[in-house]
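Asker: One structure coming up, written as structure tokens, with questions to follow.
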Amino acid sequence: MSGFINMDNARHDDQREVMQASANAGVCPFDEEHLPTYHKTPVLRTGTYWVITANQWPYEHTRVHLLAIARQHVETITELPTGAGDELFDHVRWAIKEYDIDFGGLAMRFGDVKHNGASVNHLHAHIIVPDKDKPADAKVKFKIS
Ligand SMILES: [Zn+2]
């Protein structure tokens with residue numbers, strides 16, 4: 001069973017191993033009961049609809065890379081309850097303060113993981129802050145597709 005992940009979108013060998021382990025167990029690695037097994041960075045905040053945690057495999061050239069992971073297993077935005085969007089922005093406001101962020105990006109893929117570019121088929125958003133000291137020609141890349 002590998003419907004919860006898309007191995008093609010893994011970026012690191014150890015990430016691939018963790019994803020494979022969750023696939024072998026037949027579980028979604030972002031479901032709350034399985035998150036402690038497959039996600040080793042601490043949960044920083046828990047809301048009604050989202051948990052906030054650091055990305056285990058931050059993108060290259062980032063100073064901050066957080067994930068907002070939906071607490072319910074949903075795969076697309078239309079499955080989210082009313083209020084989840086407002087709460088997501090609350091978490092972003094918290095992160096802006098907590099990490100002294102003055103620029104960055106909020107990115108979320110949704111829908112079919114075969115096509116959207118995500119590695120886990122469980123709705124999550126990325127809060128991404130590029131490193132000011134990165135090489136001038138280096139870009140933080142967020143892939144969709
Ligand atoms: Zn899930």
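By convention here, the chains of the structure tokens are called A, B, ... in the order presented, each chain's residues are numbered starting at 1, and ligands are numbered starting at 1 in the order presented.
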Return as an MDAnalysis selection string every polymer residue, whether protein, DNA or RNA, with at least one atom no more than 7 Å from an atom of ligand 1; count only C-alpha atoms and all ligand atoms.

Answerer: chainID A and resid 28:31 72:74 121:122

Asker: Using only C-alpha atoms, determine which residues lie at most 7 Å from Thr41 of chain A, disregarding the query and same-chain residues fewer than 6 positions distant; provide the list as a PyMOL selection string.

Answerer: chain A and resi 53-54+56

Asker: Name the residues of segment 10-104 of chain A that come out as strand (DSSP E) in a backbone DSSP run; write them as an NGL selection string.

Answerer: :A and (43-46 or 50-54 or 62-70)

Asker: Output as JSON, numbers by chain all residues of chain A that backbone DSSP marks as helix (DSSP H, G or I).

Answerer: {"A": [7, 8, 9, 13, 14, 15, 16, 17, 18, 19, 20, 21, 22, 23, 24, 25, 35, 36, 37, 38, 77, 78, 79, 84, 85, 86, 87, 88, 89, 90, 91, 92, 93, 94, 95, 96, 97, 98, 113, 114, 115, 116]}

Asker: Dump N, CA and C atoms for the selected residues as a compact mmCIF listing (two decimals), in the first residue's frame?

Answerer:
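Output contents, as saved in part_11.txt:
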```txt
# COMPACT_ATOMS: atom_id res chain seq x y z
N MET A 7 6.76 8.32 -3.69
CA MET A 7 8.20 8.13 -3.50
C MET A 7 9.01 8.95 -4.50
N ASP A 8 8.45 9.20 -5.68
CA ASP A 8 9.17 9.97 -6.70
C ASP A 8 9.52 11.38 -6.22
N ASN A 9 8.77 11.85 -5.22
CA ASN A 9 8.99 13.22 -4.77
C ASN A 9 9.87 13.31 -3.52
N ASP A 13 17.79 10.30 0.74
CA ASP A 13 17.76 8.85 0.94
C ASP A 13 17.08 8.48 2.26
N ASP A 14 17.43 9.22 3.34
CA ASP A 14 16.82 8.86 4.63
C ASP A 14 15.33 9.19 4.63
N GLN A 15 14.94 10.20 3.86
CA GLN A 15 13.51 10.51 3.71
C GLN A 15 12.80 9.35 3.00
N ARG A 16 13.46 8.83 1.97
CA ARG A 16 12.91 7.71 1.21
C ARG A 16 12.71 6.49 2.14
N GLU A 17 13.69 6.26 3.02
CA GLU A 17 13.60 5.13 3.96
C GLU A 17 12.42 5.28 4.90
N VAL A 18 12.24 6.50 5.42
CA VAL A 18 11.12 6.74 6.34
C VAL A 18 9.80 6.57 5.61
N MET A 19 9.73 7.10 4.38
CA MET A 19 8.50 6.97 3.59
C MET A 19 8.21 5.51 3.29
N GLN A 20 9.26 4.77 2.96
CA GLN A 20 9.08 3.34 2.65
C GLN A 20 8.58 2.59 3.88
N ALA A 21 9.11 2.94 5.04
CA ALA A 21 8.68 2.29 6.28
C ALA A 21 7.19 2.53 6.53
N SER A 22 6.73 3.74 6.28
CA SER A 22 5.30 4.02 6.47
C SER A 22 4.47 3.28 5.43
N ALA A 23 5.00 3.19 4.21
CA ALA A 23 4.28 2.44 3.16
C ALA A 23 4.20 0.96 3.53
N ASN A 24 5.29 0.41 4.05
CA ASN A 24 5.30 -0.99 4.45
C ASN A 24 4.29 -1.24 5.57
N ALA A 25 4.15 -0.25 6.45
CA ALA A 25 3.19 -0.38 7.56
C ALA A 25 1.76 -0.11 7.08
N LEU A 35 2.45 10.15 13.40
CA LEU A 35 3.44 11.23 13.26
C LEU A 35 4.67 11.02 14.15
N PRO A 36 4.51 10.63 15.42
CA PRO A 36 5.71 10.44 16.26
C PRO A 36 6.65 9.36 15.74
N THR A 37 6.12 8.39 15.01
CA THR A 37 6.96 7.31 14.47
C THR A 37 7.79 7.79 13.28
N TYR A 38 7.19 8.62 12.45
CA TYR A 38 7.85 8.95 11.18
C TYR A 38 8.38 10.38 11.11
N ILE A 77 -8.12 20.92 -0.17
CA ILE A 77 -8.59 22.07 0.60
C ILE A 77 -10.10 22.01 0.84
N THR A 78 -10.84 21.48 -0.11
CA THR A 78 -12.30 21.46 0.04
C THR A 78 -12.75 20.52 1.16
N GLU A 79 -11.88 19.66 1.64
CA GLU A 79 -12.22 18.77 2.75
C GLU A 79 -12.00 19.42 4.11
N ALA A 84 -10.49 26.48 9.31
CA ALA A 84 -9.12 25.95 9.21
C ALA A 84 -8.19 26.95 8.52
N GLY A 85 -8.72 27.67 7.57
CA GLY A 85 -7.91 28.68 6.87
C GLY A 85 -7.52 29.81 7.80
N ASP A 86 -8.48 30.28 8.59
CA ASP A 86 -8.19 31.34 9.56
C ASP A 86 -7.13 30.87 10.55
N GLU A 87 -7.28 29.64 11.00
CA GLU A 87 -6.31 29.14 11.98
C GLU A 87 -4.91 29.02 11.36
N LEU A 88 -4.86 28.61 10.09
CA LEU A 88 -3.56 28.51 9.42
C LEU A 88 -2.86 29.87 9.43
N PHE A 89 -3.59 30.93 9.12
CA PHE A 89 -2.99 32.26 9.15
C PHE A 89 -2.57 32.65 10.56
N ASP A 90 -3.32 32.22 11.57
CA ASP A 90 -2.90 32.47 12.96
C ASP A 90 -1.53 31.84 13.22
N HIS A 91 -1.36 30.61 12.73
CA HIS A 91 -0.08 29.93 12.92
C HIS A 91 1.04 30.67 12.18
N VAL A 92 0.73 31.17 11.00
CA VAL A 92 1.75 31.91 10.24
C VAL A 92 2.12 33.19 11.00
N ARG A 93 1.12 33.86 11.54
CA ARG A 93 1.40 35.07 12.34
C ARG A 93 2.29 34.73 13.54
N TRP A 94 1.99 33.60 14.19
CA TRP A 94 2.82 33.15 15.31
C TRP A 94 4.26 32.92 14.85
N ALA A 95 4.42 32.23 13.72
CA ALA A 95 5.77 31.92 13.21
C ALA A 95 6.53 33.20 12.88
N ILE A 96 5.84 34.16 12.30
CA ILE A 96 6.47 35.44 11.92
C ILE A 96 7.09 36.10 13.16
N LYS A 97 6.34 36.06 14.26
CA LYS A 97 6.85 36.63 15.52
C LYS A 97 7.97 35.77 16.11
N GLU A 98 7.69 34.48 16.20
CA GLU A 98 8.58 33.54 16.88
C GLU A 98 9.96 33.50 16.22
N VAL A 113 -1.57 13.27 -5.09
CA VAL A 113 -0.13 13.29 -4.86
C VAL A 113 0.65 12.73 -6.06
N LYS A 114 -0.05 12.04 -6.95
CA LYS A 114 0.62 11.55 -8.16
C LYS A 114 0.99 12.71 -9.08
N HIS A 115 0.26 13.82 -8.93
CA HIS A 115 0.46 14.93 -9.86
C HIS A 115 0.87 16.24 -9.20
N ASN A 116 0.68 16.38 -7.88
CA ASN A 116 0.85 17.72 -7.28
C ASN A 116 2.28 18.02 -6.83
```

Asker: Could you list, as JSON, numbers by chain, every residue within 9 Å of Thr62 of chain A, counting only C-alpha atoms and ignoring same-chain residues fewer than 6 positions away?

Answerer: {"A": [128, 129, 130, 131, 132, 134, 140]}

Asker: Would you mind exporting the chosen residues as a PDB file, in the first residue's frame, restricted to N, CA and C atoms?

Answerer:
```pdb
ATOM      1  N   ILE A 128       8.086  28.958   4.570  1.00  0.00           N
ATOM      2  CA  ILE A 128       9.466  28.901   4.083  1.00  0.00           C
ATOM      3  C   ILE A 128      10.115  30.276   4.163  1.00  0.00           C
ATOM      4  N   VAL A 129      11.258  30.343   4.830  1.00  0.00           N
ATOM      5  CA  VAL A 129      12.021  31.584   4.908  1.00  0.00           C
ATOM      6  C   VAL A 129      13.412  31.325   4.336  1.00  0.00           C
ATOM      7  N   PRO A 130      13.707  31.907   3.179  1.00  0.00           N
ATOM      8  CA  PRO A 130      15.048  31.736   2.614  1.00  0.00           C
ATOM      9  C   PRO A 130      16.109  32.353   3.523  1.00  0.00           C
ATOM     10  N   ASP A 131      17.282  31.784   3.447  1.00  0.00           N
ATOM     11  CA  ASP A 131      18.425  32.278   4.210  1.00  0.00           C
ATOM     12  C   ASP A 131      18.977  33.531   3.516  1.00  0.00           C
ATOM     13  N   LYS A 132      19.067  34.617   4.256  1.00  0.00           N
ATOM     14  CA  LYS A 132      19.593  35.861   3.657  1.00  0.00           C
ATOM     15  C   LYS A 132      21.032  35.698   3.175  1.00  0.00           C
ATOM     16  N   LYS A 134      22.347  33.074   1.748  1.00  0.00           N
ATOM     17  CA  LYS A 134      22.521  32.074   0.685  1.00  0.00           C
ATOM     18  C   LYS A 134      23.279  32.707  -0.478  1.00  0.00           C
ATOM     19  N   VAL A 140      15.458  29.070  -3.411  1.00  0.00           N
ATOM     20  CA  VAL A 140      14.710  28.023  -2.734  1.00  0.00           C
ATOM     21  C   VAL A 140      13.624  27.574  -3.705  1.00  0.00           C
TER      22      VAL A 140
END
```

Asker: Applying 8 Å and only C-alpha atoms, which residues near Ala125 of chain A remain after dropping the ones on its own chain fewer than 6 positions away? List them as a list in words.

Answerer: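 The residues satisfying every condition are Leu67, Ala68, Ile69, Leu106, Ala107, Met108 and Arg109 of chain A.
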
Asker: Using only C-alpha atoms, which of A:His61, A:Gly26, A:Thr82, A:Thr76 sits nearest Phe142 of chain A?

Answerer: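 Between A:His61, A:Gly26, A:Thr82, A:Thr76, the residue approaching Phe142 of chain A most closely is A:His61.
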